[in-house]
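Enquirer: My structure is stored as model.csv, with CSV, C-alpha atoms.
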```csv
chain,number,residue,atom,x,y,z
A,508,MET,CA,-5.2,7.9,108.0
A,509,TYR,CA,-2.5,5.6,109.4
A,510,ARG,CA,-2.0,2.7,111.8
A,511,ALA,CA,1.3,1.2,113.0
A,512,ASN,CA,1.7,-2.3,114.3
A,513,ALA,CA,3.4,-1.0,117.4
A,514,GLY,CA,5.1,2.1,118.7
A,515,SER,CA,5.0,5.7,117.5
A,516,PRO,CA,6.4,6.0,114.0
A,517,ILE,CA,8.1,8.9,112.4
A,518,ILE,CA,6.2,9.7,109.2
A,519,ARG,CA,7.7,11.6,106.3
A,520,LEU,CA,5.2,12.7,103.8
A,521,LYS,CA,5.9,14.7,100.6
A,522,PHE,CA,3.2,16.2,98.4
A,523,PHE,CA,3.3,18.7,95.6
A,524,HIS,CA,2.3,22.4,95.8
A,525,TYR,CA,1.5,24.8,93.0
A,526,PRO,CA,4.8,26.2,91.5
A,527,ASN,CA,5.4,29.8,90.6
A,528,TYR,CA,5.7,29.0,86.9
A,529,ARG,CA,3.2,30.6,84.5
A,530,GLN,CA,1.2,31.6,87.6
A,531,THR,CA,1.5,33.6,90.8
A,532,VAL,CA,0.9,31.7,93.9
A,533,HIS,CA,-0.2,33.2,97.3
A,534,LEU,CA,-0.3,30.8,100.2
A,535,HIS,CA,-2.8,31.9,102.9
A,536,LYS,CA,-2.9,28.8,105.1
A,537,THR,CA,0.1,26.4,105.4
A,538,PRO,CA,-0.6,22.7,106.2
A,539,ILE,CA,0.2,22.0,109.8
A,540,HIS,CA,3.7,20.8,110.6
A,541,CYS,CA,4.7,21.2,106.9
A,542,LYS,CA,7.6,23.0,105.3
A,543,LEU,CA,7.4,24.4,101.8
A,544,LYS,CA,10.4,23.4,99.6
A,545,SER,CA,11.5,23.6,96.0
A,546,LYS,CA,13.4,21.3,93.7
A,547,GLY,CA,14.0,22.4,90.1
A,548,VAL,CA,10.8,23.7,88.6
A,549,ASN,CA,8.5,22.1,91.2
A,550,SER,CA,7.4,23.0,94.8
A,551,TYR,CA,6.3,20.6,97.4
A,552,PHE,CA,5.3,20.4,101.1
A,553,LEU,CA,7.3,18.1,103.5
A,554,PHE,CA,5.7,16.7,106.6
A,555,HIS,CA,8.2,15.0,109.0
A,556,GLN,CA,6.7,14.2,112.4
A,557,LYS,CA,6.6,11.6,115.1
A,558,VAL,CA,3.0,10.5,115.5
A,559,HIS,CA,0.9,8.2,117.7
A,560,THR,CA,0.3,4.5,116.9
A,561,LYS,CA,-2.7,5.4,114.8
A,562,GLY,CA,-4.6,8.5,113.8
A,563,LEU,CA,-5.6,11.0,111.2
A,564,ILE,CA,-3.3,13.6,109.7
A,565,SER,CA,-5.2,16.5,108.1
A,566,LEU,CA,-3.2,18.8,105.8
A,567,ASP,CA,-5.5,21.6,104.8
A,568,ARG,CA,-4.2,24.6,102.9
A,569,SER,CA,-5.6,27.7,101.4
A,570,VAL,CA,-4.0,29.3,98.3
A,571,SER,CA,-4.7,31.8,95.6
A,572,VAL,CA,-3.4,30.9,92.1
A,573,PHE,CA,-3.3,33.6,89.5
A,574,PRO,CA,-2.4,32.1,86.1
A,575,THR,CA,-0.4,34.2,83.7
A,576,SER,CA,-1.8,34.2,80.1
A,577,SER,CA,0.6,33.9,77.2
A,578,PHE,CA,0.3,33.3,73.5
A,579,VAL,CA,2.8,32.2,70.9
A,580,ASN,CA,1.6,32.8,67.3
A,581,LEU,CA,2.1,29.9,64.9
A,582,LYS,CA,3.0,32.5,62.3
A,583,ASN,CA,6.0,33.6,64.3
A,584,ASP,CA,9.4,32.1,63.8
A,585,TRP,CA,9.7,29.2,66.3
A,586,GLY,CA,13.1,28.3,64.9
A,587,ARG,CA,14.5,25.1,63.4
A,588,ILE,CA,14.8,21.8,65.1
A,589,SER,CA,18.4,21.6,64.0
A,590,ASP,CA,19.2,24.8,65.9
A,591,ILE,CA,18.3,23.1,69.3
A,592,PRO,CA,21.6,22.4,71.1
A,593,GLN,CA,22.6,18.7,71.0
A,594,ILE,CA,23.2,18.7,74.7
A,595,LEU,CA,19.6,19.8,75.3
A,596,LYS,CA,18.3,17.2,72.9
A,597,ASP,CA,20.2,14.4,74.7
A,598,LYS,CA,19.0,15.6,78.1
A,599,TYR,CA,15.4,15.0,77.1
A,600,ARG,CA,15.7,11.8,75.2
A,601,GLU,CA,15.6,9.0,77.9
A,602,SER,CA,13.2,6.2,77.1
A,603,SER,CA,10.5,5.1,79.7
A,604,LYS,CA,7.3,3.2,80.0
A,605,TYR,CA,5.1,6.2,79.1
A,606,TRP,CA,7.6,7.8,76.7
A,607,PRO,CA,9.1,4.9,74.8
A,608,VAL,CA,11.4,6.7,72.5
A,609,LYS,CA,13.1,3.5,71.5
A,610,SER,CA,9.9,1.7,70.4
A,611,PRO,CA,10.3,0.3,66.9
A,612,THR,CA,6.6,1.2,66.2
A,613,ILE,CA,7.3,4.9,67.0
A,614,LEU,CA,10.8,4.9,65.4
A,615,ASN,CA,9.2,3.9,62.1
A,616,LEU,CA,7.5,7.3,62.0
A,617,LYS,CA,10.9,8.9,61.3
A,618,GLU,CA,10.5,7.8,57.7
A,619,GLU,CA,7.4,9.8,57.2
A,620,GLU,CA,7.8,13.1,55.4
A,621,TRP,CA,6.0,15.3,57.9
A,622,PHE,CA,8.2,13.9,60.7
A,623,ARG,CA,11.5,15.0,59.0
A,624,THR,CA,10.6,18.7,58.6
A,625,ASP,CA,13.0,21.0,60.3
A,626,ASP,CA,10.6,23.9,60.9
A,627,LEU,CA,9.4,23.6,64.5
A,628,SER,CA,6.0,25.2,64.1
A,629,ARG,CA,5.2,23.2,61.0
A,630,TRP,CA,6.4,20.0,62.8
A,631,ILE,CA,4.1,20.6,65.8
A,632,LEU,CA,1.1,21.3,63.6
A,633,SER,CA,1.7,18.0,61.7
A,634,ALA,CA,2.2,16.1,65.0
A,635,ASN,CA,-1.0,17.6,66.3
A,636,ARG,CA,-2.9,16.3,63.2
A,637,TYR,CA,-1.3,12.9,63.4
A,638,ILE,CA,-2.1,12.4,67.1
A,639,ARG,CA,-5.7,13.6,66.8
A,640,THR,CA,-6.1,11.2,63.8
A,641,LYS,CA,-4.6,8.2,65.5
A,642,ILE,CA,-6.2,8.5,69.0
A,643,LYS,CA,-10.0,8.7,69.6
A,644,HIS,CA,-10.6,10.9,72.6
A,645,VAL,CA,-12.5,9.3,75.5
A,646,GLU,CA,-13.6,11.3,78.5
A,647,THR,CA,-11.5,9.4,81.0
A,648,LEU,CA,-9.6,6.1,81.3
A,649,GLU,CA,-9.1,3.9,84.4
A,650,GLU,CA,-5.4,3.9,84.0
A,651,ARG,CA,-2.7,5.8,82.1
A,652,LEU,CA,-1.7,3.8,79.0
A,653,GLY,CA,1.4,5.6,77.7
A,654,ALA,CA,2.3,6.4,74.1
A,655,TYR,CA,2.8,2.9,72.8
A,656,GLN,CA,-0.4,1.5,74.1
A,657,ALA,CA,-2.2,4.6,72.9
A,658,ILE,CA,-1.2,3.9,69.3
A,659,LEU,CA,-2.1,0.2,69.7
A,660,THR,CA,-5.5,0.8,71.2
A,661,ALA,CA,-6.3,4.1,69.3
A,662,ILE,CA,-8.0,5.5,72.4
A,663,GLY,CA,-6.9,7.9,75.1
A,664,ASP,CA,-7.6,10.9,77.3
A,665,CYS,CA,-5.4,13.9,78.0
A,666,ASP,CA,-2.7,11.6,79.4
A,667,GLU,CA,-2.3,9.6,76.2
A,668,PHE,CA,-2.4,12.7,73.9
A,669,THR,CA,0.3,14.3,76.0
A,670,ASP,CA,2.5,11.1,76.3
A,671,LEU,CA,2.4,10.5,72.6
A,672,LEU,CA,3.3,14.1,71.8
A,673,ILE,CA,6.3,14.0,74.2
A,674,THR,CA,7.5,10.7,72.8
A,675,LEU,CA,7.3,11.9,69.2
A,676,ALA,CA,9.0,15.2,70.0
A,677,ARG,CA,11.8,13.5,71.9
A,678,VAL,CA,12.4,11.0,69.0
A,679,ARG,CA,12.6,14.1,66.7
A,680,GLY,CA,15.1,15.8,69.1
A,681,ILE,CA,12.7,18.4,70.5
A,682,PRO,CA,12.9,18.8,74.3
A,683,SER,CA,9.4,18.3,75.8
A,684,ARG,CA,7.8,17.8,79.1
A,685,ARG,CA,4.5,17.0,80.8
A,686,LEU,CA,2.5,19.3,83.1
A,687,THR,CA,-0.3,18.2,85.3
A,688,GLY,CA,-2.9,20.1,87.4
A,689,TYR,CA,-6.4,21.3,86.7
A,690,TYR,CA,-8.3,22.9,83.9
A,691,ILE,CA,-11.1,25.3,84.8
A,692,LEU,CA,-14.4,24.8,83.1
A,693,GLU,CA,-17.8,26.7,82.9
A,694,GLN,CA,-16.4,30.1,83.8
A,695,GLY,CA,-14.8,28.8,87.0
A,696,LYS,CA,-17.8,26.7,88.2
A,697,ARG,CA,-16.0,23.4,87.7
A,698,LEU,CA,-12.5,22.0,87.4
A,699,GLU,CA,-11.1,18.7,86.2
A,700,ALA,CA,-7.7,17.0,86.5
A,701,HIS,CA,-5.7,17.6,83.3
A,702,ALA,CA,-2.4,16.9,81.7
A,703,TRP,CA,-0.8,18.8,78.8
A,704,GLY,CA,2.6,19.3,77.3
A,705,GLU,CA,5.2,21.9,76.5
A,706,ILE,CA,7.8,21.8,73.8
A,707,PHE,CA,11.0,23.8,73.6
A,708,SER,CA,11.6,26.4,70.9
A,709,PRO,CA,15.1,27.8,70.3
A,710,GLU,CA,13.4,31.1,69.6
A,711,MET,CA,10.5,31.2,72.0
A,712,GLY,CA,11.4,29.0,74.9
A,713,TRP,CA,8.8,26.6,76.4
A,714,ILE,CA,5.5,26.6,74.5
A,715,THR,CA,2.2,25.2,75.7
A,716,THR,CA,1.1,22.3,73.5
A,717,ASP,CA,-2.2,20.8,74.6
A,718,ILE,CA,-3.2,18.2,71.9
A,719,ALA,CA,-6.3,17.0,73.8
A,720,LEU,CA,-7.8,20.5,73.7
A,721,ASN,CA,-6.3,21.3,70.3
A,722,ASN,CA,-4.5,24.2,71.8
A,723,ILE,CA,-1.1,25.0,70.3
A,724,GLY,CA,0.7,28.0,71.8
A,725,SER,CA,-1.9,29.5,74.2
A,726,HIS,CA,-1.5,29.3,78.0
A,727,THR,CA,-4.8,30.7,79.4
A,728,LYS,CA,-6.0,31.6,82.8
A,729,ASP,CA,-7.9,28.2,82.9
A,730,TYR,CA,-4.7,26.2,83.4
A,731,ILE,CA,-3.6,25.5,87.0
A,732,ILE,CA,-0.2,23.9,87.3
A,733,LEU,CA,0.5,21.4,90.1
A,734,LYS,CA,3.7,19.7,88.9
A,735,ILE,CA,6.0,19.5,85.9
A,736,GLU,CA,7.4,16.2,84.8
A,737,GLU,CA,10.6,16.4,82.8
A,738,PHE,CA,12.8,13.4,83.6
A,739,ASN,CA,10.4,11.3,85.7
A,740,PRO,CA,7.2,10.7,83.6
A,741,ALA,CA,5.2,9.6,86.6
A,742,LEU,CA,5.9,11.7,89.6
A,743,PRO,CA,3.5,10.5,92.4
A,744,ASP,CA,1.2,13.1,93.9
A,745,TYR,CA,2.5,12.1,97.3
A,746,GLN,CA,5.3,9.9,98.8
A,747,ILE,CA,5.2,8.5,102.3
A,748,GLN,CA,8.1,7.0,104.3
A,749,THR,CA,8.7,5.9,107.9
A,750,LYS,CA,12.0,5.4,109.7
A,751,HIS,CA,10.2,3.3,112.3
A,752,SER,CA,10.9,-0.5,112.2
A,753,THR,CA,7.3,-1.4,112.3
A,754,ILE,CA,5.0,-1.6,109.3
A,755,VAL,CA,2.7,1.5,108.9
A,756,HIS,CA,-0.5,1.0,107.1
A,757,HIS,CA,-2.0,4.2,105.5
A,758,GLU,CA,-4.7,5.5,103.3
A,759,TRP,CA,-4.3,8.8,101.5
A,760,GLN,CA,-7.3,10.8,100.3
A,761,ARG,CA,-6.8,13.9,98.2
A,762,PRO,CA,-10.1,15.5,97.2
A,763,LYS,CA,-10.4,18.0,94.4
A,764,PRO,CA,-9.7,21.5,95.7
A,765,THR,CA,-12.6,23.7,96.5
A,766,ILE,CA,-12.2,26.7,94.3
A,767,THR,CA,-13.5,30.3,94.4
A,768,PRO,CA,-12.7,31.9,91.0
A,769,ILE,CA,-11.5,35.4,91.9
A,770,TYR,CA,-11.7,36.7,88.3
A,771,ASN,CA,-15.5,36.1,88.3
A,772,GLN,CA,-16.0,38.1,91.5
A,773,PRO,CA,-17.3,41.8,91.3
```
Can you give me the file's structure in the form of structure tokens?
Expert:
Amino acid sequence: MYRANAGSPIIRLKFFHYPNYRQTVHLHKTPIHCKLKSKGVNSYFLFHQKVHTKGLISLDRSVSVFPTSSFVNLKNDWGRISDIPQILKDKYRESSKYWPVKSPTILNLKEEEWFRTDDLSRWILSANRYIRTKIKHVETLEERLGAYQAILTAIGDCDEFTDLLITLARVRGIPSRRLTGYYILEQGKRLEAHAWGEIFSPEMGWITTDIALNNIGSHTKDYIILKIEEFNPALPDYQIQTKHSTIVHHEWQRPKPTITPIYNQP
């Protein structure tokens, strides 16, 4: 819903679409006046249209997502942290509000014995235990706290578990990133918004690391990926711009998708 003070503005709206990463995506109905584009590992729709002074833009889509299951055994050789190329370590080491890799509180962990281990699979198991000990899981929080506040308050949901994992991994020199989307519950009857992580192994590539669900190495059919955050830890679900000189007031509503689990059908 939008309203301009005067004139007919040109509205540019960008919102994420399910990428073809760890899942196969079939688009059945494209949102009206939208073009599907890709940038890096993400896909998004772009709406660019001159509109009336006020109105409602409805952007419905119908899509089938077929997650690809994969599993990496902890008993396998994940490689050594020291074998990860330095150029890759540097690429994933920028500090931010949610991933404060320069925080003295977090940097102090470098002195702990578990943190210094060079075996990647052993390190991730130790990090999993540390995070689950430090943070008490709550069902949902009103706002995302980030890694530092998660340690201070000792509470968090999937966002805080993921942010702390990514921060610790990047301090240790392990490339890591955040995935957001949905997790399917109750045999496809319900879904909830979810965030989880991936860490990079020099032997196995990107490995699913979901600390909130205590899942290390298993990407199941219950994960639906909407976007992947590598260098911007807080990619907005949508972005709206206007080239018109007047101010445009808007309200964006994005309900949870209505799902029909195909794998439960006869």
Enquirer: Near Pro682 (chain A), counting only C-alpha atoms, which residues have an atom at most 7 Å away, once you skip same-chain residues fewer than 5 positions from it, shown as an mmCIF file with C-alpha atoms, keeping the file's coordinate frame?
Expert:
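Saved to around_39.cif:
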```cif
data_model
loop_
_atom_site.group_PDB
_atom_site.id
_atom_site.type_symbol
_atom_site.label_atom_id
_atom_site.label_comp_id
_atom_site.auth_asym_id
_atom_site.auth_seq_id
_atom_site.Cartn_x
_atom_site.Cartn_y
_atom_site.Cartn_z
ATOM 1 C CA LEU A 595 19.600 19.800 75.300
ATOM 2 C CA LYS A 596 18.300 17.200 72.900
ATOM 3 C CA TYR A 599 15.400 15.000 77.100
ATOM 4 C CA ALA A 676 9.000 15.200 70.000
ATOM 5 C CA ARG A 677 11.800 13.500 71.900
ATOM 6 C CA ILE A 706 7.800 21.800 73.800
ATOM 7 C CA PHE A 707 11.000 23.800 73.600
#
```
Enquirer: Find, counting only C-alpha atoms, the residue in A:Ile662, A:Cys541, A:Val678, A:Leu581 that gets nearest to Leu616 (chain A).
Expert: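 Nearest candidate to Leu616 (chain A) out of A:Ile662, A:Cys541, A:Val678, A:Leu581: A:Val678.
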Enquirer: Given the point (-9.4, 18.7, 89.5) in the file's coordinates, find the residues that have an atom at most 12 Å from it, counting all atoms listed in the file, and give them as a VMD selection string.
Expert: chain A and resid 687 to 692 695 to 702 729 to 733 761 to 766
Enquirer: Of the candidates A:His756, A:Gly680, A:Gly724, A:Trp713, which shows the shortest atom-to-atom distance to Arg600 (chain A), using only C-alpha atoms?
Expert: A:Gly680
Enquirer: Which residue is closest to Thr560 (chain A)? Choose from A:Arg510, A:Lys617, A:Lys544, A:His726 and count all atoms listed in the file.
Expert: A:Arg510
Enquirer: Counting all atoms listed in the file, what is within 8 Å of Asn549 (chain A), bar same-chain residues fewer than 3 positions away, as a VMD selection string?
Expert: chain A and resid 523 to 526 545 to 546 734 to 735
Enquirer: Pick from A:Ser633, A:Leu652, A:Asp625, A:Leu672: nearest to Ile613 (chain A), with all atoms listed in the file counted?
Expert: A:Leu672
Enquirer: Between A:Thr647, A:Gln694, A:Asn527, A:Gln593, single out the one closest to Ile681 (chain A), counting only C-alpha atoms.
Expert: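 Result for the nearest residue to Ile681 (chain A): A:Gln593.
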Enquirer: With all atoms listed in the file as the counted atoms, please give the residues lying no more than 12 Å from Phe552 (chain A), apart from itself and same-chain residues fewer than 2 positions off, as number ranges by chain.
Expert: A: 519-526, 534, 537-546, 549-550, 554-555, 566-568, 744-747
Enquirer: For CA of Gly547 (chain A) and CA of Leu686 (chain A), quote the distance in Å rounded to one decimal.
Expert: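 Separating CA of Gly547 (chain A) from CA of Leu686 (chain A) is a distance of 13.8 Å.
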